[in-house]
>>> print(open('upload-v6.pdb').read())   # PDB, C-alpha atoms and all ligand atoms
ATOM      1  CA  MET A   1      98.808 105.973  30.577
ATOM      2  CA  ASN A   2     102.018 104.143  31.264
ATOM      3  CA  ASP A   3     103.210 103.411  34.772
ATOM      4  CA  ALA A   4     106.481 104.908  35.936
ATOM      5  CA  ALA A   5     108.326 101.597  36.039
ATOM      6  CA  GLN A   6     108.065 100.605  32.388
ATOM      7  CA  PRO A   7     109.787 102.401  29.498
ATOM      8  CA  LEU A   8     107.599 104.704  27.437
ATOM      9  CA  LEU A   9     107.958 104.808  23.659
ATOM     10  CA  ILE A  10     106.596 107.783  21.732
ATOM     11  CA  ALA A  11     106.173 107.473  17.971
ATOM     12  CA  ASN A  12     106.475 110.927  16.385
ATOM     13  CA  TRP A  13     105.023 110.710  12.906
ATOM     14  CA  LYS A  14     105.655 114.395  12.156
ATOM     15  CA  ALA A  15     104.068 115.387   8.791
ATOM     16  CA  ASN A  16     105.096 112.193   7.046
ATOM     17  CA  LEU A  17     101.694 110.614   6.470
ATOM     18  CA  ALA A  18      98.279 111.674   5.210
ATOM     19  CA  PRO A  19      95.475 111.102   7.756
ATOM     20  CA  GLY A  20      94.228 107.925   6.037
ATOM     21  CA  GLU A  21      97.769 106.517   6.090
ATOM     22  CA  GLU A  22      98.039 107.369   9.780
ATOM     23  CA  VAL A  23      94.877 105.434  10.588
ATOM     24  CA  ALA A  24      96.145 102.465   8.553
ATOM     25  CA  LEU A  25      99.543 102.499  10.296
ATOM     26  CA  ALA A  26      97.928 102.814  13.732
ATOM     27  CA  ALA A  27      95.806  99.738  12.956
ATOM     28  CA  GLN A  28      98.905  97.793  11.807
ATOM     29  CA  ILE A  29     100.843  98.754  14.928
ATOM     30  CA  ALA A  30      97.955  97.778  17.205
ATOM     31  CA  THR A  31      97.436  94.446  15.460
ATOM     32  CA  LEU A  32     101.142  93.603  15.520
ATOM     33  CA  GLY A  33     101.383  94.919  19.081
ATOM     34  CA  ALA A  34      98.641  92.547  20.231
ATOM     35  CA  THR A  35     100.419  89.597  18.567
ATOM     36  CA  ARG A  36     103.712  90.573  20.204
ATOM     37  CA  ARG A  37     102.119  91.165  23.630
ATOM     38  CA  LEU A  38     102.927  94.865  23.672
ATOM     39  CA  SER A  39     102.680  95.978  27.265
ATOM     40  CA  PRO A  40      99.557  98.135  27.866
ATOM     41  CA  GLY A  41     100.424 101.820  28.190
ATOM     42  CA  SER A  42     103.980 101.464  26.887
ATOM     43  CA  LEU A  43     103.445 103.182  23.529
ATOM     44  CA  MET A  44     102.156 106.616  22.622
ATOM     45  CA  ILE A  45     101.513 107.699  19.051
ATOM     46  CA  ALA A  46     101.842 111.292  17.878
ATOM     47  CA  PRO A  47      99.947 111.663  14.581
ATOM     48  CA  SER A  48      99.416 114.916  12.705
ATOM     49  CA  MET A  49      96.721 117.290  13.995
ATOM     50  CA  VAL A  50      94.426 116.258  11.131
ATOM     51  CA  GLY A  51      94.820 112.541  11.813
ATOM     52  CA  LEU A  52      94.802 112.690  15.596
ATOM     53  CA  VAL A  53      91.088 112.334  16.296
ATOM     54  CA  ALA A  54      90.623 109.538  13.750
ATOM     55  CA  VAL A  55      93.630 107.622  15.108
ATOM     56  CA  ALA A  56      92.506 108.119  18.720
ATOM     57  CA  SER A  57      88.982 106.912  18.047
ATOM     58  CA  LEU A  58      90.165 103.871  16.104
ATOM     59  CA  LEU A  59      92.561 102.841  18.873
ATOM     60  CA  ARG A  60      89.995 103.340  21.632
ATOM     61  CA  ARG A  61      87.205 101.624  19.728
ATOM     62  CA  GLU A  62      89.095  98.593  18.442
ATOM     63  CA  HIS A  63      92.320  98.231  20.428
ATOM     64  CA  ASP A  64      91.529  99.600  23.864
ATOM     65  CA  ALA A  65      93.280  96.769  25.731
ATOM     66  CA  LEU A  66      96.688  98.025  24.538
ATOM     67  CA  LYS A  67      96.090 101.422  26.149
ATOM     68  CA  LEU A  68      98.016 103.167  23.387
ATOM     69  CA  GLY A  69      98.428 106.834  24.247
ATOM     70  CA  ILE A  70      97.933 109.721  21.845
ATOM     71  CA  ALA A  71     100.116 112.817  21.754
ATOM     72  CA  ALA A  72      99.647 115.967  19.704
ATOM     73  CA  GLN A  73     102.816 117.290  18.080
ATOM     74  CA  ASP A  74     102.204 120.863  19.256
ATOM     75  CA  CYS A  75      99.535 123.150  20.676
ATOM     76  CA  SER A  76      98.766 126.844  20.909
ATOM     77  CA  SER A  77     100.086 129.264  23.493
ATOM     78  CA  ASP A  78      96.628 130.867  23.403
ATOM     79  CA  LEU A  79      93.960 129.874  25.878
ATOM     80  CA  ALA A  80      91.128 130.015  23.318
ATOM     81  CA  GLY A  81      89.204 132.658  21.450
ATOM     82  CA  ALA A  82      90.077 134.854  18.484
ATOM     83  CA  ALA A  83      93.149 132.967  17.280
ATOM     84  CA  THR A  84      92.509 131.681  13.778
ATOM     85  CA  GLY A  85      94.284 128.420  13.031
ATOM     86  CA  GLU A  86      95.457 127.832  16.601
ATOM     87  CA  ILE A  87      94.668 124.669  18.586
ATOM     88  CA  PRO A  88      94.462 125.317  22.333
ATOM     89  CA  ALA A  89      95.689 122.603  24.692
ATOM     90  CA  SER A  90      92.286 122.440  26.378
ATOM     91  CA  HIS A  91      90.663 121.570  23.028
ATOM     92  CA  LEU A  92      92.919 118.523  22.732
ATOM     93  CA  LEU A  93      91.632 117.068  25.985
ATOM     94  CA  GLY A  94      89.673 113.904  25.384
ATOM     95  CA  ALA A  95      91.526 113.161  22.136
ATOM     96  CA  ALA A  96      95.172 113.515  23.234
ATOM     97  CA  ASP A  97      96.820 112.400  26.462
ATOM     98  CA  ALA A  98      99.922 114.505  25.938
ATOM     99  CA  VAL A  99     101.447 117.215  23.770
ATOM    100  CA  ILE A 100     104.985 117.290  22.360
ATOM    101  CA  LEU A 101     106.412 120.785  22.849
ATOM    102  CA  GLY A 102     109.559 122.506  21.627
ATOM    103  CA  HIS A 103     110.626 119.913  19.084
ATOM    104  CA  SER A 104     113.762 121.144  17.317
ATOM    105  CA  GLU A 105     111.850 121.207  14.029
ATOM    106  CA  ARG A 106     109.503 123.775  15.592
ATOM    107  CA  ARG A 107     112.355 125.724  17.204
ATOM    108  CA  ALA A 108     113.945 125.870  13.730
ATOM    109  CA  ARG A 109     110.748 127.621  12.591
ATOM    110  CA  GLY A 110     111.265 130.324  15.162
ATOM    111  CA  GLU A 111     109.764 129.028  18.416
ATOM    112  CA  SER A 112     111.538 130.562  21.402
ATOM    113  CA  GLY A 113     111.931 129.072  24.860
ATOM    114  CA  SER A 114     109.519 131.681  26.101
ATOM    115  CA  LEU A 115     106.779 130.689  23.620
ATOM    116  CA  ILE A 116     107.330 127.011  24.399
ATOM    117  CA  GLY A 117     107.024 127.842  28.105
ATOM    118  CA  ALA A 118     103.677 129.540  27.487
ATOM    119  CA  LYS A 119     102.456 126.450  25.622
ATOM    120  CA  LEU A 120     103.675 124.302  28.491
ATOM    121  CA  ALA A 121     101.739 126.427  30.980
ATOM    122  CA  ARG A 122      98.591 125.982  28.870
ATOM    123  CA  CYS A 123      99.060 122.193  28.860
ATOM    124  CA  VAL A 124      99.584 122.123  32.610
ATOM    125  CA  ALA A 125      96.479 124.263  33.205
ATOM    126  CA  ALA A 126      94.442 122.024  30.897
ATOM    127  CA  GLY A 127      95.647 118.865  32.672
ATOM    128  CA  ILE A 128      97.349 117.452  29.606
ATOM    129  CA  ARG A 129     100.836 116.007  29.948
ATOM    130  CA  PRO A 130     103.668 118.021  28.356
ATOM    131  CA  ILE A 131     106.457 116.159  26.561
ATOM    132  CA  LEU A 132     109.111 118.863  26.428
ATOM    133  CA  CYS A 133     111.920 118.473  23.879
ATOM    134  CA  LEU A 134     115.342 119.911  24.729
ATOM    135  CA  GLY A 135     118.535 119.386  22.773
ATOM    136  CA  ASP A 136     121.898 120.796  21.786
ATOM    137  CA  ALA A 137     122.871 121.408  18.173
ATOM    138  CA  ASP A 138     126.645 120.899  18.088
ATOM    139  CA  PRO A 139     127.892 117.317  17.676
ATOM    140  CA  LYS A 140     131.369 118.417  18.742
ATOM    141  CA  ALA A 141     130.301 120.063  22.019
ATOM    142  CA  THR A 142     131.873 118.764  25.208
ATOM    143  CA  GLU A 143     129.711 116.960  27.725
ATOM    144  CA  SER A 144     129.639 119.949  30.067
ATOM    145  CA  GLU A 145     128.765 122.374  27.224
ATOM    146  CA  ARG A 146     125.952 120.067  26.173
ATOM    147  CA  CYS A 147     124.560 119.783  29.702
ATOM    148  CA  ALA A 148     124.823 123.541  30.281
ATOM    149  CA  LEU A 149     122.939 124.277  27.067
ATOM    150  CA  VAL A 150     120.108 121.871  27.835
ATOM    151  CA  VAL A 151     119.768 123.238  31.382
ATOM    152  CA  ARG A 152     119.672 126.763  29.912
ATOM    153  CA  GLN A 153     116.876 125.709  27.534
ATOM    154  CA  TRP A 154     114.949 124.267  30.483
ATOM    155  CA  ARG A 155     115.295 127.552  32.419
ATOM    156  CA  GLU A 156     114.108 129.549  29.392
ATOM    157  CA  VAL A 157     111.009 127.375  29.109
ATOM    158  CA  LEU A 158     110.315 127.749  32.836
ATOM    159  CA  ALA A 159     110.625 131.532  32.534
ATOM    160  CA  GLY A 160     108.055 131.443  29.708
ATOM    161  CA  ALA A 161     105.700 129.312  31.806
ATOM    162  CA  ALA A 162     106.110 131.710  34.739
ATOM    163  CA  THR A 163     104.730 134.593  32.647
ATOM    164  CA  LEU A 164     101.398 132.730  32.756
ATOM    165  CA  GLY A 165     101.698 132.069  36.492
ATOM    166  CA  CYS A 166     102.917 128.503  36.185
ATOM    167  CA  ASP A 167     105.833 127.957  38.573
ATOM    168  CA  VAL A 168     108.454 125.231  38.585
ATOM    169  CA  ALA A 169     106.746 123.173  41.291
ATOM    170  CA  THR A 170     103.537 123.166  39.245
ATOM    171  CA  VAL A 171     105.444 122.170  36.102
ATOM    172  CA  LEU A 172     107.200 119.319  37.894
ATOM    173  CA  GLY A 173     103.945 118.221  39.514
ATOM    174  CA  SER A 174     102.227 118.037  36.112
ATOM    175  CA  GLY A 175     103.954 114.832  35.091
ATOM    176  CA  VAL A 176     106.102 116.745  32.596
ATOM    177  CA  THR A 177     108.351 114.416  30.621
ATOM    178  CA  ILE A 178     111.528 115.696  29.023
ATOM    179  CA  ALA A 179     112.748 114.308  25.722
ATOM    180  CA  TYR A 180     116.474 114.909  25.299
ATOM    181  CA  GLU A 181     116.902 115.102  21.538
ATOM    182  CA  PRO A 182     120.283 116.295  20.280
ATOM    183  CA  VAL A 183     119.515 118.116  17.044
ATOM    184  CA  TRP A 184     122.477 116.517  15.275
ATOM    185  CA  ALA A 185     121.131 113.034  16.002
ATOM    186  CA  ILE A 186     117.589 113.589  14.727
ATOM    187  CA  GLY A 187     117.055 111.966  11.356
ATOM    188  CA  SER A 188     120.812 111.633  10.830
ATOM    189  CA  GLY A 189     121.137 107.888  11.327
ATOM    190  CA  GLN A 190     123.707 108.668  14.059
ATOM    191  CA  ALA A 191     122.224 108.242  17.530
ATOM    192  CA  ALA A 192     124.030 109.881  20.455
ATOM    193  CA  SER A 193     125.784 107.530  22.832
ATOM    194  CA  PRO A 194     123.813 106.432  25.897
ATOM    195  CA  ASP A 195     126.588 108.051  28.004
ATOM    196  CA  VAL A 196     125.821 111.472  26.519
ATOM    197  CA  ALA A 197     122.098 111.023  27.188
ATOM    198  CA  ALA A 198     122.811 109.829  30.738
ATOM    199  CA  ALA A 199     125.001 112.884  31.448
ATOM    200  CA  VAL A 200     122.228 115.208  30.295
ATOM    201  CA  ALA A 201     119.673 113.310  32.399
ATOM    202  CA  ARG A 202     121.911 113.710  35.470
ATOM    203  CA  ALA A 203     122.284 117.430  34.806
ATOM    204  CA  LEU A 204     118.516 117.920  34.477
ATOM    205  CA  ARG A 205     117.727 115.918  37.607
ATOM    206  CA  SER A 206     120.312 117.859  39.545
ATOM    207  CA  GLU A 207     118.933 121.177  38.233
ATOM    208  CA  THR A 208     115.362 120.253  39.191
ATOM    209  CA  SER A 209     116.279 118.386  42.413
ATOM    210  CA  SER A 210     113.892 115.759  41.119
ATOM    211  CA  SER A 211     115.259 112.244  40.888
ATOM    212  CA  SER A 212     111.855 111.081  39.640
ATOM    213  CA  LEU A 213     111.814 113.446  36.621
ATOM    214  CA  ARG A 214     110.973 111.336  33.576
ATOM    215  CA  ILE A 215     113.476 111.745  30.749
ATOM    216  CA  LEU A 216     113.400 110.118  27.315
ATOM    217  CA  TYR A 217     116.059 110.036  24.620
ATOM    218  CA  GLY A 218     115.294 110.732  20.954
ATOM    219  CA  GLY A 219     117.430 110.821  17.810
ATOM    220  CA  SER A 220     117.928 108.040  15.245
ATOM    221  CA  VAL A 221     116.932 105.242  17.596
ATOM    222  CA  ASP A 222     116.435 101.844  15.974
ATOM    223  CA  GLY A 223     116.102  98.243  17.086
ATOM    224  CA  LYS A 224     119.868  97.906  17.499
ATOM    225  CA  SER A 225     120.540 101.038  19.542
ATOM    226  CA  ALA A 226     117.335 101.154  21.630
ATOM    227  CA  ALA A 227     118.274  98.916  24.553
ATOM    228  CA  GLY A 228     121.531 100.787  25.216
ATOM    229  CA  PHE A 229     119.585 103.912  26.183
ATOM    230  CA  LEU A 230     117.724 102.056  28.879
ATOM    231  CA  SER A 231     120.850 100.686  30.542
ATOM    232  CA  PRO A 232     122.166 103.748  32.477
ATOM    233  CA  THR A 233     121.027 103.656  36.103
ATOM    234  CA  GLY A 234     120.473 106.086  38.976
ATOM    235  CA  GLU A 235     120.246 109.801  38.193
ATOM    236  CA  GLY A 236     121.403 109.149  34.611
ATOM    237  CA  SER A 237     118.671 106.647  33.854
ATOM    238  CA  LEU A 238     116.339 107.162  30.904
ATOM    239  CA  ASN A 239     112.652 106.317  30.999
ATOM    240  CA  GLY A 240     112.010 105.705  27.341
ATOM    241  CA  LEU A 241     112.498 106.843  23.765
ATOM    242  CA  LEU A 242     111.053 109.329  21.300
ATOM    243  CA  ILE A 243     111.168 107.752  17.863
ATOM    244  CA  GLY A 244     110.786 109.424  14.483
ATOM    245  CA  GLY A 245     111.815 107.564  11.321
ATOM    246  CA  ALA A 246     111.696 104.069  12.809
ATOM    247  CA  SER A 247     108.121 104.610  14.012
ATOM    248  CA  LEU A 248     106.800 104.833  10.454
ATOM    249  CA  GLN A 249     106.873 101.058   9.992
ATOM    250  CA  ALA A 250     105.024  98.781  12.408
ATOM    251  CA  GLU A 251     107.754  96.090  12.258
ATOM    252  CA  ARG A 252     110.580  98.542  13.039
ATOM    253  CA  LEU A 253     108.643 100.095  15.892
ATOM    254  CA  LEU A 254     107.832  96.716  17.416
ATOM    255  CA  GLU A 255     111.477  95.734  17.053
ATOM    256  CA  ILE A 256     112.317  98.660  19.340
ATOM    257  CA  ALA A 257     109.546  97.674  21.759
ATOM    258  CA  THR A 258     110.991  94.167  21.921
ATOM    259  CA  ALA A 259     114.536  95.492  22.431
ATOM    260  CA  VAL A 260     113.467  97.524  25.478
ATOM    261  CA  GLY A 261     111.400  94.701  26.941
ATOM    262  CA  VAL A 262     107.837  95.940  26.418
ATOM    263  CA  ALA A 263     106.978  93.409  23.682
ATOM    264  CA  SER A 264     107.966  89.862  22.919
TER     265      SER A 264
HETATM  266  C1  LIG A 301     112.402 113.075  16.291
HETATM  267  O1  LIG A 301     112.316 113.839  15.336
HETATM  268  O2  LIG A 301     111.816 113.347  17.351
HETATM  269  C2  LIG A 301     113.177 111.861  16.152
HETATM  270  C3  LIG A 301     113.551 111.238  17.226
HETATM  271  O3  LIG A 301     113.438 111.477  14.864
HETATM  272  P1  LIG A 301     114.390 110.263  14.369
HETATM  273  O4  LIG A 301     114.116 109.072  15.260
HETATM  274  O5  LIG A 301     114.011 110.038  12.960
HETATM  275  O6  LIG A 301     115.800 110.735  14.532
END
>>> encode(input="upload-v6.pdb", output="structure tokens")
Amino acid sequence: MNDAAQPLLIANWKANLAPGEEVALAAQIATLGATRRLSPGSLMIAPSMVGLVAVASLLRREHDALKLGIAAQDCSSDLAGAATGEIPASHLLGAADAVILGHSERRARGESGSLIGAKLARCVAAGIRPILCLGDADPKATESERCALVVRQWREVLAGAATLGCDVATVLGSGVTIAYEPVWAIGSGQAASPDVAAAVARALRSETSSSSLRILYGGSVDGKSAAGFLSPTGEGSLNGLLIGGASLQAERLLEIATAVGVAS
């Protein structure tokens, strides 16, 4: 997977494409990525659960040099067993490198911080990297309200993980990556300002006493806004981007990769 020094892009395809379309788009992205010298390990694709295995095997079989990562968009809080329809984190091992957890579109369907924490604990135990989404919902909130809310969400998730015996040191040691995604910016065409994202990153690093905590920004990023999110430095720095709408076209996604310096 990607090294700590280069930005990480995660393409969240949500439920936008049928599995065959996902395989076709993955092939387009890989082909264009090779032409544009996409840096190995800089891009992770999150297809639907049904498309994930087909996309992963295509990329590993035909485009292995690009080291494109695969993320699931969710997993179960169950370990395994009698849980019809659930997909345990441990069953994703081998196909997915990471799992997106707590996306606001899942929280809107009733997922609590405690449930997300249990899922996170399962990922950590399975050795699969959690990409934990946190984000405030009020575009008019002040900076300190925003930071306080995101820190509160983080604590709720940790409390959920603790119920399965997974403590904060274990979570931080798992390579957890946080995606700060203000709900009002997702799919709205209005990205947050890099200053807002940097303030939240500072608050999270201060809360965790971890200056190396990896934090991404997500919400209406495109080729024009992408680079701005990578410019804050120090404790407010961001390590990459979670991309929804703009990841559904190979050209638009590669435009972002070029803007942040991982493709030519
Ligand atoms: C998302 O849903 O995670 C996301 C970042 O979407 P968009 O880029 O479309 O705002």
>>> resolve_selection(input="upload-v6.pdb", expression="the PyMOL selection byres (((not hetatm)) within 10 of (chain A and resi 301))", output="MDAnalysis selection string")
chainID A and resid 10:14 73 100 103:105 133 179:191 217:222 241:248
>>> residues_around(input="upload-v6.pdb", residues="Ser144 (chain A)", least_positions_apart="6", cutoff="12 Å", atoms="all atoms listed in the file", output="NGL selection string")
:A and (136 or 150-151 or 196 or 199-200 or 202-203)
>>> write_last_selection(input="upload-v6.pdb", atoms="C-alpha atoms", output="compact mmCIF listing (two decimals), in the frame of the given file")
# COMPACT_ATOMS: atom_id res chain seq x y z
CA ASP A 136 121.90 120.80 21.79
CA VAL A 150 120.11 121.87 27.84
CA VAL A 151 119.77 123.24 31.38
CA VAL A 196 125.82 111.47 26.52
CA ALA A 199 125.00 112.88 31.45
CA VAL A 200 122.23 115.21 30.30
CA ARG A 202 121.91 113.71 35.47
CA ALA A 203 122.28 117.43 34.81
>>> resolve_selection(input="upload-v6.pdb", expression="the PyMOL selection byres (((chain A and resi 210) around 12) and not hetatm)", output="list in words")
Val168, Ala169, Val171, Leu172, Gly173, Gly175, Val176, Thr177, Ala201, Arg202, Ala203, Leu204, Arg205, Ser206, Glu207, Thr208, Ser209, Ser211, Ser212, Leu213, Arg214, Ile215, Gly234, Glu235 and Gly236 of chain A
>>> closest_residue(input="upload-v6.pdb", among="A:Gly94, A:Gly261, A:Pro40, A:Gly117", to="Ser76 (chain A)", atoms="all atoms listed in the file")
A:Gly117
>>> atom_distance(input="upload-v6.pdb", atom1="CA of Asp138 (chain A)", atom2="CA of Ala192 (chain A)")
11.6 Å
>>> closest_residue(input="upload-v6.pdb", among="A:Ala30, A:Ile131, A:Leu17, A:Ala259", to="Leu230 (chain A)", atoms="only C-alpha atoms")
A:Ala259
>>> atom_distance(input="upload-v6.pdb", atom1="CA of Val157 (chain A)", atom2="CA of Gly113 (chain A)")
4.7 Å
>>> decode(input="upload-v6.pdb", residues="region 165-196 of chain A", atoms="N, CA and C atoms", output="compact mmCIF listing (two decimals), in the first residue's frame")
# COMPACT_ATOMS: atom_id res chain seq x y z
N GLY A 165 -12.77 -4.87 23.33
CA GLY A 165 -11.41 -5.02 23.85
C GLY A 165 -10.33 -4.34 23.03
N CYS A 166 -10.75 -3.47 22.14
CA CYS A 166 -9.76 -2.79 21.28
C CYS A 166 -9.52 -1.39 21.84
N ASP A 167 -8.35 -1.15 22.40
CA ASP A 167 -8.11 0.15 23.04
C ASP A 167 -7.51 1.16 22.05
N VAL A 168 -7.39 2.39 22.53
CA VAL A 168 -6.97 3.47 21.62
C VAL A 168 -5.58 3.23 21.05
N ALA A 169 -4.67 2.69 21.86
CA ALA A 169 -3.31 2.45 21.37
C ALA A 169 -3.34 1.43 20.24
N THR A 170 -4.21 0.42 20.38
CA THR A 170 -4.31 -0.61 19.34
C THR A 170 -4.91 -0.01 18.07
N VAL A 171 -5.92 0.86 18.26
CA VAL A 171 -6.53 1.51 17.09
C VAL A 171 -5.47 2.34 16.36
N LEU A 172 -4.75 3.15 17.13
CA LEU A 172 -3.76 4.03 16.48
C LEU A 172 -2.64 3.23 15.84
N GLY A 173 -2.31 2.10 16.45
CA GLY A 173 -1.24 1.26 15.91
C GLY A 173 -1.66 0.46 14.68
N SER A 174 -2.95 0.49 14.36
CA SER A 174 -3.47 -0.33 13.26
C SER A 174 -3.30 0.33 11.89
N GLY A 175 -2.79 1.56 11.90
CA GLY A 175 -2.69 2.27 10.63
C GLY A 175 -4.01 2.94 10.27
N VAL A 176 -4.89 3.11 11.28
CA VAL A 176 -6.18 3.75 11.01
C VAL A 176 -5.95 5.08 10.27
N THR A 177 -6.79 5.33 9.29
CA THR A 177 -6.76 6.59 8.56
C THR A 177 -8.11 7.25 8.75
N ILE A 178 -8.09 8.53 9.08
CA ILE A 178 -9.36 9.24 9.26
C ILE A 178 -9.67 10.03 8.00
N ALA A 179 -10.92 9.96 7.56
CA ALA A 179 -11.35 10.82 6.46
C ALA A 179 -12.29 11.86 7.04
N TYR A 180 -11.84 13.12 7.06
CA TYR A 180 -12.73 14.19 7.51
C TYR A 180 -13.62 14.57 6.34
N GLU A 181 -14.91 14.29 6.50
CA GLU A 181 -15.87 14.54 5.41
C GLU A 181 -17.05 15.32 5.94
N PRO A 182 -17.02 16.65 5.86
CA PRO A 182 -18.19 17.41 6.31
C PRO A 182 -19.41 17.01 5.48
N VAL A 183 -20.49 16.69 6.17
CA VAL A 183 -21.66 16.13 5.48
C VAL A 183 -22.19 17.12 4.44
N TRP A 184 -22.13 18.41 4.77
CA TRP A 184 -22.65 19.43 3.87
C TRP A 184 -21.81 19.59 2.60
N ALA A 185 -20.61 19.06 2.60
CA ALA A 185 -19.76 19.19 1.41
C ALA A 185 -19.90 17.99 0.47
N ILE A 186 -20.36 16.87 1.01
CA ILE A 186 -20.43 15.64 0.20
C ILE A 186 -21.50 15.77 -0.88
N GLY A 187 -21.07 15.62 -2.11
CA GLY A 187 -22.00 15.61 -3.23
C GLY A 187 -22.68 16.95 -3.49
N SER A 188 -22.23 18.02 -2.81
CA SER A 188 -22.91 19.30 -2.93
C SER A 188 -22.28 20.20 -3.99
N GLY A 189 -21.09 19.84 -4.43
CA GLY A 189 -20.36 20.73 -5.35
C GLY A 189 -19.63 21.83 -4.60
N GLN A 190 -19.80 21.90 -3.29
CA GLN A 190 -19.16 22.95 -2.47
C GLN A 190 -18.18 22.31 -1.50
N ALA A 191 -16.93 22.22 -1.88
CA ALA A 191 -15.92 21.66 -0.97
C ALA A 191 -15.73 22.60 0.22
N ALA A 192 -15.33 22.05 1.36
CA ALA A 192 -14.94 22.90 2.50
C ALA A 192 -13.66 23.64 2.12
N SER A 193 -13.29 24.63 2.92
CA SER A 193 -12.01 25.28 2.63
C SER A 193 -10.89 24.45 3.26
N PRO A 194 -9.72 24.46 2.67
CA PRO A 194 -8.59 23.73 3.26
C PRO A 194 -8.33 24.16 4.69
N ASP A 195 -8.64 25.43 5.04
CA ASP A 195 -8.42 25.89 6.43
C ASP A 195 -9.30 25.13 7.41
N VAL A 196 -10.56 24.90 7.01
CA VAL A 196 -11.47 24.14 7.88
C VAL A 196 -10.91 22.73 8.09
